[in-house]
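Text of start01.pdb (PDB, C-alpha atoms) as supplied:
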```pdb
ATOM      1  CA  MET Y1184      24.652 -19.510   8.074  1.00  0.00           C
ATOM      2  CA  ALA Y1185      21.494 -17.844   9.371  1.00  0.00           C
ATOM      3  CA  LYS Y1186      18.622 -16.963   7.042  1.00  0.00           C
ATOM      4  CA  TYR Y1187      17.884 -13.672   8.777  1.00  0.00           C
ATOM      5  CA  ARG Y1188      19.199 -11.212  11.355  1.00  0.00           C
ATOM      6  CA  LYS Y1189      17.575 -11.239  14.777  1.00  0.00           C
ATOM      7  CA  LEU Y1190      18.176  -7.512  15.371  1.00  0.00           C
ATOM      8  CA  GLY Y1191      18.197  -8.025  19.147  1.00  0.00           C
ATOM      9  CA  ARG Y1192      14.416  -8.472  19.291  1.00  0.00           C
ATOM     10  CA  THR Y1193      11.814 -11.164  19.862  1.00  0.00           C
ATOM     11  CA  SER Y1194      10.185 -12.601  16.756  1.00  0.00           C
ATOM     12  CA  SER Y1195       6.964 -10.582  17.119  1.00  0.00           C
ATOM     13  CA  GLN Y1196       8.872  -7.327  17.659  1.00  0.00           C
ATOM     14  CA  ARG Y1197      11.130  -8.090  14.693  1.00  0.00           C
ATOM     15  CA  LYS Y1198       8.171  -8.819  12.392  1.00  0.00           C
ATOM     16  CA  ALA Y1199       6.429  -5.609  13.476  1.00  0.00           C
ATOM     17  CA  LEU Y1200       9.600  -3.563  12.948  1.00  0.00           C
ATOM     18  CA  ILE Y1201      10.173  -4.964   9.461  1.00  0.00           C
ATOM     19  CA  ARG Y1202       6.495  -4.507   8.483  1.00  0.00           C
ATOM     20  CA  ASN Y1203       6.511  -0.879   9.639  1.00  0.00           C
ATOM     21  CA  GLN Y1204       9.779  -0.010   7.927  1.00  0.00           C
ATOM     22  CA  VAL Y1205       8.860  -1.734   4.643  1.00  0.00           C
ATOM     23  CA  THR Y1206       5.549   0.157   4.632  1.00  0.00           C
ATOM     24  CA  ALA Y1207       7.355   3.451   5.331  1.00  0.00           C
ATOM     25  CA  LEU Y1208       9.873   2.730   2.549  1.00  0.00           C
ATOM     26  CA  LEU Y1209       7.185   1.991  -0.041  1.00  0.00           C
ATOM     27  CA  ASN Y1210       5.045   4.933   1.082  1.00  0.00           C
ATOM     28  CA  ASN Y1211       7.788   7.581   1.245  1.00  0.00           C
ATOM     29  CA  GLY Y1212      10.355   6.219  -1.225  1.00  0.00           C
ATOM     30  CA  LYS Y1213      13.263   6.364   1.226  1.00  0.00           C
ATOM     31  CA  ILE Y1214      14.033   5.977   4.943  1.00  0.00           C
ATOM     32  CA  VAL Y1215      17.086   6.304   7.208  1.00  0.00           C
ATOM     33  CA  THR Y1216      17.862   3.294   9.413  1.00  0.00           C
ATOM     34  CA  THR Y1217      20.737   1.095  10.546  1.00  0.00           C
ATOM     35  CA  GLU Y1218      22.616  -1.097   8.106  1.00  0.00           C
ATOM     36  CA  ALA Y1219      21.433  -4.430   9.553  1.00  0.00           C
ATOM     37  CA  LYS Y1220      17.779  -3.337   9.507  1.00  0.00           C
ATOM     38  CA  ALA Y1221      18.131  -1.999   5.961  1.00  0.00           C
ATOM     39  CA  LYS Y1222      19.449  -5.325   4.688  1.00  0.00           C
ATOM     40  CA  GLU Y1223      16.458  -7.137   6.206  1.00  0.00           C
ATOM     41  CA  ILE Y1224      14.000  -4.545   4.887  1.00  0.00           C
ATOM     42  CA  ARG Y1225      15.517  -4.842   1.421  1.00  0.00           C
ATOM     43  CA  LYS Y1226      14.716  -8.587   1.269  1.00  0.00           C
ATOM     44  CA  VAL Y1227      11.028  -8.068   2.004  1.00  0.00           C
ATOM     45  CA  ALA Y1228      10.587  -4.929  -0.124  1.00  0.00           C
ATOM     46  CA  GLU Y1229      12.239  -6.500  -3.185  1.00  0.00           C
ATOM     47  CA  LYS Y1230       9.918  -9.520  -2.984  1.00  0.00           C
ATOM     48  CA  LEU Y1231       6.822  -7.317  -2.735  1.00  0.00           C
ATOM     49  CA  ILE Y1232       7.851  -5.138  -5.675  1.00  0.00           C
ATOM     50  CA  ALA Y1233       8.741  -8.193  -7.783  1.00  0.00           C
ATOM     51  CA  MET Y1234       5.310  -9.674  -7.022  1.00  0.00           C
ATOM     52  CA  ALA Y1235       3.609  -6.383  -7.985  1.00  0.00           C
ATOM     53  CA  VAL Y1236       5.578  -6.139 -11.250  1.00  0.00           C
ATOM     54  CA  LYS Y1237       4.662  -9.709 -12.183  1.00  0.00           C
ATOM     55  CA  GLU Y1238       0.930  -9.283 -11.474  1.00  0.00           C
ATOM     56  CA  LYS Y1239       0.360  -5.613 -12.378  1.00  0.00           C
ATOM     57  CA  ASP Y1240      -1.626  -6.275 -15.597  1.00  0.00           C
ATOM     58  CA  ASN Y1241      -3.339  -9.474 -14.460  1.00  0.00           C
ATOM     59  CA  PHE Y1242      -6.955  -8.248 -14.213  1.00  0.00           C
ATOM     60  CA  ASP Y1243     -10.142  -8.046 -16.280  1.00  0.00           C
ATOM     61  CA  GLU Y1244     -12.235  -4.918 -16.900  1.00  0.00           C
ATOM     62  CA  VAL Y1245     -15.842  -5.795 -16.055  1.00  0.00           C
ATOM     63  CA  THR Y1246     -18.929  -3.627 -16.546  1.00  0.00           C
ATOM     64  CA  VAL Y1247     -21.464  -3.855 -13.729  1.00  0.00           C
ATOM     65  CA  THR Y1248     -24.721  -2.084 -12.970  1.00  0.00           C
ATOM     66  CA  ALA Y1249     -24.821  -0.366  -9.598  1.00  0.00           C
ATOM     67  CA  LYS Y1250     -27.581   1.397  -7.707  1.00  0.00           C
ATOM     68  CA  VAL Y1251     -26.621   4.956  -6.790  1.00  0.00           C
ATOM     69  CA  ALA Y1252     -28.743   7.275  -4.658  1.00  0.00           C
ATOM     70  CA  ARG Y1253     -30.134  10.248  -6.578  1.00  0.00           C
ATOM     71  CA  LYS Y1254     -28.916  13.560  -5.144  1.00  0.00           C
ATOM     72  CA  ASP Y1255     -30.195  17.125  -5.346  1.00  0.00           C
ATOM     73  CA  LYS Y1256     -28.169  20.285  -6.073  1.00  0.00           C
ATOM     74  CA  ASP Y1257     -26.923  20.440  -2.446  1.00  0.00           C
ATOM     75  CA  GLY Y1258     -25.631  16.867  -2.556  1.00  0.00           C
ATOM     76  CA  LYS Y1259     -28.368  15.473  -0.307  1.00  0.00           C
ATOM     77  CA  ARG Y1260     -30.288  12.309  -1.126  1.00  0.00           C
ATOM     78  CA  VAL Y1261     -33.654  12.765  -2.830  1.00  0.00           C
ATOM     79  CA  LYS Y1262     -36.490  11.102  -0.906  1.00  0.00           C
ATOM     80  CA  GLU Y1263     -40.137  10.561  -1.696  1.00  0.00           C
ATOM     81  CA  VAL Y1264     -43.034   9.370   0.433  1.00  0.00           C
ATOM     82  CA  VAL Y1265     -44.228   5.822  -0.278  1.00  0.00           C
ATOM     83  CA  ASP Y1266     -46.972   4.347   1.962  1.00  0.00           C
ATOM     84  CA  GLY Y1267     -46.315   7.010   4.605  1.00  0.00           C
ATOM     85  CA  LYS Y1268     -42.535   6.339   4.750  1.00  0.00           C
ATOM     86  CA  LYS Y1269     -39.693   8.404   3.308  1.00  0.00           C
ATOM     87  CA  VAL Y1270     -37.754   6.288   0.816  1.00  0.00           C
ATOM     88  CA  THR Y1271     -34.525   7.191  -0.998  1.00  0.00           C
ATOM     89  CA  ILE Y1272     -34.713   7.120  -4.792  1.00  0.00           C
ATOM     90  CA  TYR Y1273     -31.988   5.076  -6.530  1.00  0.00           C
ATOM     91  CA  ASP Y1274     -30.769   5.237 -10.140  1.00  0.00           C
ATOM     92  CA  GLU Y1275     -28.987   2.393 -11.929  1.00  0.00           C
ATOM     93  CA  THR Y1276     -25.640   3.268 -13.502  1.00  0.00           C
ATOM     94  CA  GLU Y1277     -23.037   1.290 -15.400  1.00  0.00           C
ATOM     95  CA  LYS Y1278     -19.545   1.156 -13.859  1.00  0.00           C
ATOM     96  CA  LYS Y1279     -16.302  -0.406 -15.032  1.00  0.00           C
ATOM     97  CA  ILE Y1280     -14.366  -2.204 -12.332  1.00  0.00           C
ATOM     98  CA  LYS Y1281     -11.140  -4.192 -12.249  1.00  0.00           C
ATOM     99  CA  LYS Y1282     -11.659  -7.844 -11.398  1.00  0.00           C
ATOM    100  CA  ASP Y1283      -8.436  -9.515 -10.254  1.00  0.00           C
ATOM    101  CA  GLN Y1284      -7.335 -12.841 -11.682  1.00  0.00           C
ATOM    102  CA  PRO Y1285      -6.741 -15.508  -8.995  1.00  0.00           C
ATOM    103  CA  SER Y1286      -2.943 -15.087  -9.029  1.00  0.00           C
ATOM    104  CA  ARG Y1287      -3.212 -11.300  -8.612  1.00  0.00           C
ATOM    105  CA  LEU Y1288      -5.717 -11.747  -5.793  1.00  0.00           C
ATOM    106  CA  HIS Y1289      -3.279 -14.104  -4.057  1.00  0.00           C
ATOM    107  CA  ALA Y1290      -0.457 -11.568  -4.529  1.00  0.00           C
ATOM    108  CA  ARG Y1291      -2.683  -8.821  -3.108  1.00  0.00           C
ATOM    109  CA  ARG Y1292      -3.418 -10.908  -0.008  1.00  0.00           C
ATOM    110  CA  GLU Y1293       0.257 -11.775   0.474  1.00  0.00           C
ATOM    111  CA  MET Y1294       1.091  -8.056   0.315  1.00  0.00           C
ATOM    112  CA  MET Y1295      -1.610  -7.288   2.878  1.00  0.00           C
ATOM    113  CA  LYS Y1296       0.091  -9.689   5.291  1.00  0.00           C
ATOM    114  CA  VAL Y1297       3.205  -7.512   5.234  1.00  0.00           C
ATOM    115  CA  LEU Y1298       2.022  -3.930   4.682  1.00  0.00           C
ATOM    116  CA  CYS Y1299       0.523  -1.878   7.519  1.00  0.00           C
ATOM    117  CA  PRO Y1300      -2.446   0.489   7.103  1.00  0.00           C
ATOM    118  CA  VAL Y1301      -1.348   4.058   6.309  1.00  0.00           C
ATOM    119  CA  THR Y1302      -3.249   7.294   6.914  1.00  0.00           C
ATOM    120  CA  GLU Y1303      -2.060  10.536   5.336  1.00  0.00           C
ATOM    121  CA  VAL Y1304      -2.612  13.773   7.233  1.00  0.00           C
ATOM    122  CA  PRO Y1305      -2.433  17.036   5.263  1.00  0.00           C
ATOM    123  CA  GLU Y1306      -0.353  19.824   6.835  1.00  0.00           C
ATOM    124  CA  LYS Y1307      -3.400  22.065   7.324  1.00  0.00           C
ATOM    125  CA  ALA Y1308      -5.284  19.387   9.296  1.00  0.00           C
ATOM    126  CA  ALA Y1309      -2.367  18.320  11.521  1.00  0.00           C
ATOM    127  CA  GLY Y1310      -3.675  16.914  14.803  1.00  0.00           C
ATOM    128  CA  ARG Y1311      -7.271  16.529  13.565  1.00  0.00           C
ATOM    129  CA  LYS Y1312      -9.160  13.571  12.166  1.00  0.00           C
ATOM    130  CA  ALA Y1313     -10.958  15.657   9.541  1.00  0.00           C
ATOM    131  CA  GLY Y1314      -9.106  15.676   6.245  1.00  0.00           C
ATOM    132  CA  THR Y1315      -7.136  12.489   6.859  1.00  0.00           C
ATOM    133  CA  LYS Y1316      -7.320   9.773   4.232  1.00  0.00           C
ATOM    134  CA  LYS Y1317      -6.360   6.129   4.184  1.00  0.00           C
ATOM    135  CA  VAL Y1318      -3.778   5.094   1.611  1.00  0.00           C
ATOM    136  CA  ASP Y1319      -4.248   1.687  -0.004  1.00  0.00           C
ATOM    137  CA  MET Y1320      -0.607   0.585  -0.094  1.00  0.00           C
ATOM    138  CA  VAL Y1321      -1.343  -2.540  -2.158  1.00  0.00           C
ATOM    139  CA  GLU Y1322      -3.064  -0.465  -4.837  1.00  0.00           C
ATOM    140  CA  LYS Y1323      -0.167   2.022  -4.729  1.00  0.00           C
ATOM    141  CA  LEU Y1324       2.245  -0.875  -5.327  1.00  0.00           C
ATOM    142  CA  PHE Y1325       0.276  -2.070  -8.364  1.00  0.00           C
ATOM    143  CA  THR Y1326      -0.465   1.350  -9.929  1.00  0.00           C
ATOM    144  CA  GLU Y1327       2.480   3.620  -9.034  1.00  0.00           C
ATOM    145  CA  ILE Y1328       5.519   1.556  -8.058  1.00  0.00           C
ATOM    146  CA  ALA Y1329       5.258  -1.537 -10.314  1.00  0.00           C
ATOM    147  CA  PRO Y1330       5.007   0.357 -13.661  1.00  0.00           C
ATOM    148  CA  LYS Y1331       8.369   2.050 -12.925  1.00  0.00           C
ATOM    149  CA  TYR Y1332      10.137  -1.307 -12.699  1.00  0.00           C
ATOM    150  CA  THR Y1333       8.586  -3.328 -15.551  1.00  0.00           C
ATOM    151  CA  ASP Y1334      11.829  -3.382 -17.554  1.00  0.00           C
ATOM    152  CA  ARG Y1335      14.031  -4.091 -14.515  1.00  0.00           C
ATOM    153  CA  ASN Y1336      14.940  -7.571 -13.237  1.00  0.00           C
ATOM    154  CA  GLY Y1337      15.406  -7.006  -9.509  1.00  0.00           C
ATOM    155  CA  GLY Y1338      17.530  -4.444  -7.730  1.00  0.00           C
ATOM    156  CA  TYR Y1339      14.633  -2.152  -6.894  1.00  0.00           C
ATOM    157  CA  THR Y1340      16.271  -0.665  -3.772  1.00  0.00           C
ATOM    158  CA  ARG Y1341      19.579   1.060  -3.081  1.00  0.00           C
ATOM    159  CA  ILE Y1342      21.458   1.307   0.228  1.00  0.00           C
ATOM    160  CA  ILE Y1343      23.722   4.355   0.707  1.00  0.00           C
ATOM    161  CA  LYS Y1344      25.926   4.570   3.803  1.00  0.00           C
ATOM    162  CA  ILE Y1345      25.594   7.860   5.689  1.00  0.00           C
ATOM    163  CA  GLY Y1346      27.992   7.381   8.574  1.00  0.00           C
ATOM    164  CA  GLN Y1347      28.020   6.362  12.193  1.00  0.00           C
ATOM    165  CA  ARG Y1348      25.293   7.410  14.607  1.00  0.00           C
ATOM    166  CA  LYS Y1349      26.508   9.677  17.395  1.00  0.00           C
ATOM    167  CA  GLY Y1350      25.000   7.817  20.371  1.00  0.00           C
ATOM    168  CA  ASP Y1351      26.053   4.192  19.779  1.00  0.00           C
ATOM    169  CA  ALA Y1352      28.223   4.406  16.648  1.00  0.00           C
ATOM    170  CA  ALA Y1353      25.866   2.170  14.669  1.00  0.00           C
ATOM    171  CA  MET Y1354      26.296   2.508  10.889  1.00  0.00           C
ATOM    172  CA  GLU Y1355      23.363   4.506   9.507  1.00  0.00           C
ATOM    173  CA  VAL Y1356      22.215   4.089   5.925  1.00  0.00           C
ATOM    174  CA  LEU Y1357      19.665   5.579   3.555  1.00  0.00           C
ATOM    175  CA  ILE Y1358      17.580   2.909   1.850  1.00  0.00           C
ATOM    176  CA  GLU Y1359      15.595   4.158  -1.152  1.00  0.00           C
ATOM    177  CA  LEU Y1360      13.684   2.930  -4.151  1.00  0.00           C
ATOM    178  CA  VAL Y1361      15.786   3.204  -7.310  1.00  0.00           C
TER     179      VAL Y1361
END
```
Let me see the structure of the file written as structure tokens.
Amino acid sequence: MAKYRKLGRTSSQRKALIRNQVTALLNNGKIVTTEAKAKEIRKVAEKLIAMAVKEKDNFDEVTVTAKVARKDKDGKRVKEVVDGKKVTIYDETEKKIKKDQPSRLHARREMMKVLCPVTEVPEKAAGRKAGTKKVDMVEKLFTEIAPKYTDRNGGYTRIIKIGQRKGDAAMEVLIELV
């Protein structure tokens, strides 16, 4: 018995397809696709969510001192003249950051292998670069998706059959996060 479906594609095309659809599923919560693709997507998505649930609290809070440029009321950097050159003035501030444990860092890197970069475009700025923002899918997995499933042992996705597609009569399904 085969370990995976070939989906009528070369290995690189198949990997790209699965990566894109898993990213879309985790970003949007649900997608419509064919049954065979959904079953392959489910395997990858369940592993990623299980990894995120296992490692979600595996970090240390660390306080660090950081240099931050001083800004005026307009939000511009304050500069002063030193030896004939304009130099930006910096203030030291204390910040709390999350420092990953080695196992969480490994999980984060494994997730990055699968997930594609996502940019969100607001409706007002459609078609323009201004206003777009990059979504950190790995961070979204750890902070938004994993806490929902802490008490659940697997079964993070659901496949609902919709019906046959009109063009080629392929079975279409809705795959969603439970």
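Each of Y:Thr1216, Y:Gln1196, Y:Leu1208, Y:Pro1300 was compared to Gln1347 of chain Y using all atoms listed in the file, and Y:Thr1216 turns out to be the nearest.
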Written as a PDB file with C-alpha atoms, in the coordinates of the input, what is the full residue list that the PyMOL selection byres ((chain Y and resi 1302) around 7) yields on the file shown?
```
ATOM      1  CA  PRO Y1300      -2.446   0.489   7.103  1.00  0.00           C
ATOM      2  CA  VAL Y1301      -1.348   4.058   6.309  1.00  0.00           C
ATOM      3  CA  GLU Y1303      -2.060  10.536   5.336  1.00  0.00           C
ATOM      4  CA  VAL Y1304      -2.612  13.773   7.233  1.00  0.00           C
ATOM      5  CA  THR Y1315      -7.136  12.489   6.859  1.00  0.00           C
ATOM      6  CA  LYS Y1316      -7.320   9.773   4.232  1.00  0.00           C
ATOM      7  CA  LYS Y1317      -6.360   6.129   4.184  1.00  0.00           C
ATOM      8  CA  VAL Y1318      -3.778   5.094   1.611  1.00  0.00           C
TER       9      VAL Y1318
END
```
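Picked by the PyMOL selection byres ((chain Y and resi 1205) around 8) from the coordinates shown: Y:Ile1201, Y:Arg1202, Y:Asn1203, Y:Gln1204, Y:Thr1206, Y:Ala1207, Y:Leu1208, Y:Leu1209, Y:Ile1224, Y:Val1227, Y:Ala1228, Y:Leu1298.
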Could you give me, as a ChimeraX atom specification, the residues within 9 Å of Val1321 of chain Y, counting only C-alpha atoms and dropping anything in the same chain fewer than 3 positions from it? /Y:1235,1291-1292,1294-1295,1298,1318,1324-1326
Quick one: which residues end up in the PyMOL selection byres ((chain Y and resi 1276) around 12) for this structure, as a ChimeraX atom specification? /Y:1246-1253,1273-1275,1277-1279
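Minimum distance to Lys1323 of chain Y across Y:Lys1230, Y:Lys1262, Y:Lys1213, Y:Lys1239 (counting all atoms listed in the file) occurs at Y:Lys1239.
Of the listed residues (Y:Ala1185, Y:Glu1306, Y:Lys1220, Y:Leu1357), Y:Lys1220 comes nearest to Arg1197 of chain Y; the distances count only C-alpha atoms.
For the point (24.8, 2.1, 12.3) in file coordinates, the residues within 8 Å, using all atoms listed in the file, are Y:Thr1216, Y:Thr1217, Y:Glu1218, Y:Ala1219, Y:Gly1346, Y:Gln1347, Y:Arg1348, Y:Asp1351, Y:Ala1352, Y:Ala1353, Y:Met1354, Y:Glu1355, Y:Val1356.
The smallest atom-to-atom distance between Asp1240 of chain Y and any of Y:Lys1198, Y:Lys1344, Y:Lys1282, Y:Lys1312, using all atoms listed in the file, is found for Y:Lys1282.
Each of Y:Met1320, Y:Ile1343, Y:Val1264, Y:Val1361 was compared to Cys1299 of chain Y using only C-alpha atoms, and Y:Met1320 turns out to be the nearest.
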Take every atom of segment 1246-1257 of chain Y listed in the file, pad by 8 Å on each side, and give me the axis-aligned box centre and edge lengths in Å, one decimal, as AutoDock Vina command-line options.
```
--center_x -24.6 --center_y 8.3 --center_z -9.5 --size_x 27.3 --size_y 40.3 --size_z 30.1
```
Quick one: segment 1200-1236 of chain Y with N, CA and C atoms, as a PDB file, keeping the file's coordinate frame?
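New file result_7.pdb:
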```
ATOM      1  N   LEU Y1200       8.612  -4.554  13.383  1.00  0.00           N
ATOM      2  CA  LEU Y1200       9.600  -3.563  12.948  1.00  0.00           C
ATOM      3  C   LEU Y1200       9.779  -3.610  11.436  1.00  0.00           C
ATOM      4  N   ILE Y1201       9.949  -4.807  10.903  1.00  0.00           N
ATOM      5  CA  ILE Y1201      10.173  -4.964   9.461  1.00  0.00           C
ATOM      6  C   ILE Y1201       8.931  -4.523   8.683  1.00  0.00           C
ATOM      7  N   ARG Y1202       7.739  -4.919   9.149  1.00  0.00           N
ATOM      8  CA  ARG Y1202       6.495  -4.507   8.483  1.00  0.00           C
ATOM      9  C   ARG Y1202       6.387  -2.986   8.428  1.00  0.00           C
ATOM     10  N   ASN Y1203       6.630  -2.337   9.577  1.00  0.00           N
ATOM     11  CA  ASN Y1203       6.511  -0.879   9.639  1.00  0.00           C
ATOM     12  C   ASN Y1203       7.522  -0.195   8.731  1.00  0.00           C
ATOM     13  N   GLN Y1204       8.754  -0.680   8.727  1.00  0.00           N
ATOM     14  CA  GLN Y1204       9.779  -0.010   7.927  1.00  0.00           C
ATOM     15  C   GLN Y1204       9.598  -0.272   6.431  1.00  0.00           C
ATOM     16  N   VAL Y1205       9.136  -1.453   6.058  1.00  0.00           N
ATOM     17  CA  VAL Y1205       8.860  -1.734   4.643  1.00  0.00           C
ATOM     18  C   VAL Y1205       7.713  -0.842   4.163  1.00  0.00           C
ATOM     19  N   THR Y1206       6.670  -0.707   4.988  1.00  0.00           N
ATOM     20  CA  THR Y1206       5.549   0.157   4.632  1.00  0.00           C
ATOM     21  C   THR Y1206       6.010   1.602   4.471  1.00  0.00           C
ATOM     22  N   ALA Y1207       6.847   2.077   5.408  1.00  0.00           N
ATOM     23  CA  ALA Y1207       7.355   3.451   5.331  1.00  0.00           C
ATOM     24  C   ALA Y1207       8.212   3.642   4.071  1.00  0.00           C
ATOM     25  N   LEU Y1208       9.023   2.651   3.742  1.00  0.00           N
ATOM     26  CA  LEU Y1208       9.873   2.730   2.549  1.00  0.00           C
ATOM     27  C   LEU Y1208       9.027   2.833   1.287  1.00  0.00           C
ATOM     28  N   LEU Y1209       8.019   1.984   1.156  1.00  0.00           N
ATOM     29  CA  LEU Y1209       7.185   1.991  -0.041  1.00  0.00           C
ATOM     30  C   LEU Y1209       6.291   3.234  -0.102  1.00  0.00           C
ATOM     31  N   ASN Y1210       5.896   3.750   1.053  1.00  0.00           N
ATOM     32  CA  ASN Y1210       5.045   4.933   1.082  1.00  0.00           C
ATOM     33  C   ASN Y1210       5.830   6.206   0.776  1.00  0.00           C
ATOM     34  N   ASN Y1211       7.012   6.352   1.369  1.00  0.00           N
ATOM     35  CA  ASN Y1211       7.788   7.581   1.245  1.00  0.00           C
ATOM     36  C   ASN Y1211       8.868   7.534   0.169  1.00  0.00           C
ATOM     37  N   GLY Y1212       9.302   6.333  -0.215  1.00  0.00           N
ATOM     38  CA  GLY Y1212      10.355   6.219  -1.225  1.00  0.00           C
ATOM     39  C   GLY Y1212      11.740   6.055  -0.643  1.00  0.00           C
ATOM     40  N   LYS Y1213      11.962   6.542   0.580  1.00  0.00           N
ATOM     41  CA  LYS Y1213      13.263   6.364   1.226  1.00  0.00           C
ATOM     42  C   LYS Y1213      13.109   6.536   2.734  1.00  0.00           C
ATOM     43  N   ILE Y1214      13.993   5.844   3.486  1.00  0.00           N
ATOM     44  CA  ILE Y1214      14.033   5.977   4.943  1.00  0.00           C
ATOM     45  C   ILE Y1214      15.484   5.878   5.407  1.00  0.00           C
ATOM     46  N   VAL Y1215      15.757   6.404   6.601  1.00  0.00           N
ATOM     47  CA  VAL Y1215      17.086   6.304   7.208  1.00  0.00           C
ATOM     48  C   VAL Y1215      16.980   5.314   8.356  1.00  0.00           C
ATOM     49  N   THR Y1216      17.877   4.328   8.377  1.00  0.00           N
ATOM     50  CA  THR Y1216      17.862   3.294   9.413  1.00  0.00           C
ATOM     51  C   THR Y1216      19.269   2.727   9.553  1.00  0.00           C
ATOM     52  N   THR Y1217      19.419   1.706  10.394  1.00  0.00           N
ATOM     53  CA  THR Y1217      20.737   1.095  10.546  1.00  0.00           C
ATOM     54  C   THR Y1217      20.989   0.115   9.398  1.00  0.00           C
ATOM     55  N   GLU Y1218      22.233  -0.243   9.228  1.00  0.00           N
ATOM     56  CA  GLU Y1218      22.616  -1.097   8.106  1.00  0.00           C
ATOM     57  C   GLU Y1218      21.977  -2.485   8.190  1.00  0.00           C
ATOM     58  N   ALA Y1219      21.996  -3.083   9.383  1.00  0.00           N
ATOM     59  CA  ALA Y1219      21.433  -4.430   9.553  1.00  0.00           C
ATOM     60  C   ALA Y1219      19.933  -4.440   9.258  1.00  0.00           C
ATOM     61  N   LYS Y1220      19.220  -3.423   9.760  1.00  0.00           N
ATOM     62  CA  LYS Y1220      17.779  -3.337   9.507  1.00  0.00           C
ATOM     63  C   LYS Y1220      17.519  -3.127   8.022  1.00  0.00           C
ATOM     64  N   ALA Y1221      18.319  -2.290   7.385  1.00  0.00           N
ATOM     65  CA  ALA Y1221      18.131  -1.999   5.961  1.00  0.00           C
ATOM     66  C   ALA Y1221      18.283  -3.244   5.106  1.00  0.00           C
ATOM     67  N   LYS Y1222      19.235  -4.095   5.462  1.00  0.00           N
ATOM     68  CA  LYS Y1222      19.449  -5.325   4.688  1.00  0.00           C
ATOM     69  C   LYS Y1222      18.274  -6.283   4.839  1.00  0.00           C
ATOM     70  N   GLU Y1223      17.645  -6.300   5.999  1.00  0.00           N
ATOM     71  CA  GLU Y1223      16.458  -7.137   6.206  1.00  0.00           C
ATOM     72  C   GLU Y1223      15.245  -6.544   5.494  1.00  0.00           C
ATOM     73  N   ILE Y1224      15.117  -5.224   5.549  1.00  0.00           N
ATOM     74  CA  ILE Y1224      14.000  -4.545   4.887  1.00  0.00           C
ATOM     75  C   ILE Y1224      14.081  -4.757   3.381  1.00  0.00           C
ATOM     76  N   ARG Y1225      15.304  -4.687   2.860  1.00  0.00           N
ATOM     77  CA  ARG Y1225      15.517  -4.842   1.421  1.00  0.00           C
ATOM     78  C   ARG Y1225      14.957  -6.177   0.922  1.00  0.00           C
ATOM     79  N   LYS Y1226      15.198  -7.258   1.680  1.00  0.00           N
ATOM     80  CA  LYS Y1226      14.716  -8.587   1.269  1.00  0.00           C
ATOM     81  C   LYS Y1226      13.206  -8.587   1.067  1.00  0.00           C
ATOM     82  N   VAL Y1227      12.493  -8.041   2.047  1.00  0.00           N
ATOM     83  CA  VAL Y1227      11.028  -8.068   2.004  1.00  0.00           C
ATOM     84  C   VAL Y1227      10.507  -7.131   0.920  1.00  0.00           C
ATOM     85  N   ALA Y1228      11.054  -5.928   0.846  1.00  0.00           N
ATOM     86  CA  ALA Y1228      10.587  -4.929  -0.124  1.00  0.00           C
ATOM     87  C   ALA Y1228      10.805  -5.403  -1.560  1.00  0.00           C
ATOM     88  N   GLU Y1229      11.955  -6.017  -1.825  1.00  0.00           N
ATOM     89  CA  GLU Y1229      12.239  -6.500  -3.185  1.00  0.00           C
ATOM     90  C   GLU Y1229      11.244  -7.580  -3.598  1.00  0.00           C
ATOM     91  N   LYS Y1230      10.891  -8.464  -2.670  1.00  0.00           N
ATOM     92  CA  LYS Y1230       9.918  -9.520  -2.984  1.00  0.00           C
ATOM     93  C   LYS Y1230       8.551  -8.934  -3.293  1.00  0.00           C
ATOM     94  N   LEU Y1231       8.126  -7.941  -2.509  1.00  0.00           N
ATOM     95  CA  LEU Y1231       6.822  -7.317  -2.735  1.00  0.00           C
ATOM     96  C   LEU Y1231       6.779  -6.603  -4.084  1.00  0.00           C
ATOM     97  N   ILE Y1232       7.826  -5.869  -4.409  1.00  0.00           N
ATOM     98  CA  ILE Y1232       7.851  -5.138  -5.675  1.00  0.00           C
ATOM     99  C   ILE Y1232       7.894  -6.114  -6.851  1.00  0.00           C
ATOM    100  N   ALA Y1233       8.673  -7.187  -6.713  1.00  0.00           N
ATOM    101  CA  ALA Y1233       8.741  -8.193  -7.783  1.00  0.00           C
ATOM    102  C   ALA Y1233       7.367  -8.831  -8.012  1.00  0.00           C
ATOM    103  N   MET Y1234       6.643  -9.099  -6.926  1.00  0.00           N
ATOM    104  CA  MET Y1234       5.310  -9.674  -7.022  1.00  0.00           C
ATOM    105  C   MET Y1234       4.361  -8.690  -7.724  1.00  0.00           C
ATOM    106  N   ALA Y1235       4.464  -7.403  -7.382  1.00  0.00           N
ATOM    107  CA  ALA Y1235       3.609  -6.383  -7.985  1.00  0.00           C
ATOM    108  C   ALA Y1235       3.910  -6.219  -9.479  1.00  0.00           C
ATOM    109  N   VAL Y1236       5.191  -6.266  -9.841  1.00  0.00           N
ATOM    110  CA  VAL Y1236       5.578  -6.139 -11.250  1.00  0.00           C
ATOM    111  C   VAL Y1236       5.037  -7.317 -12.049  1.00  0.00           C
TER     112      VAL Y1236
END
```
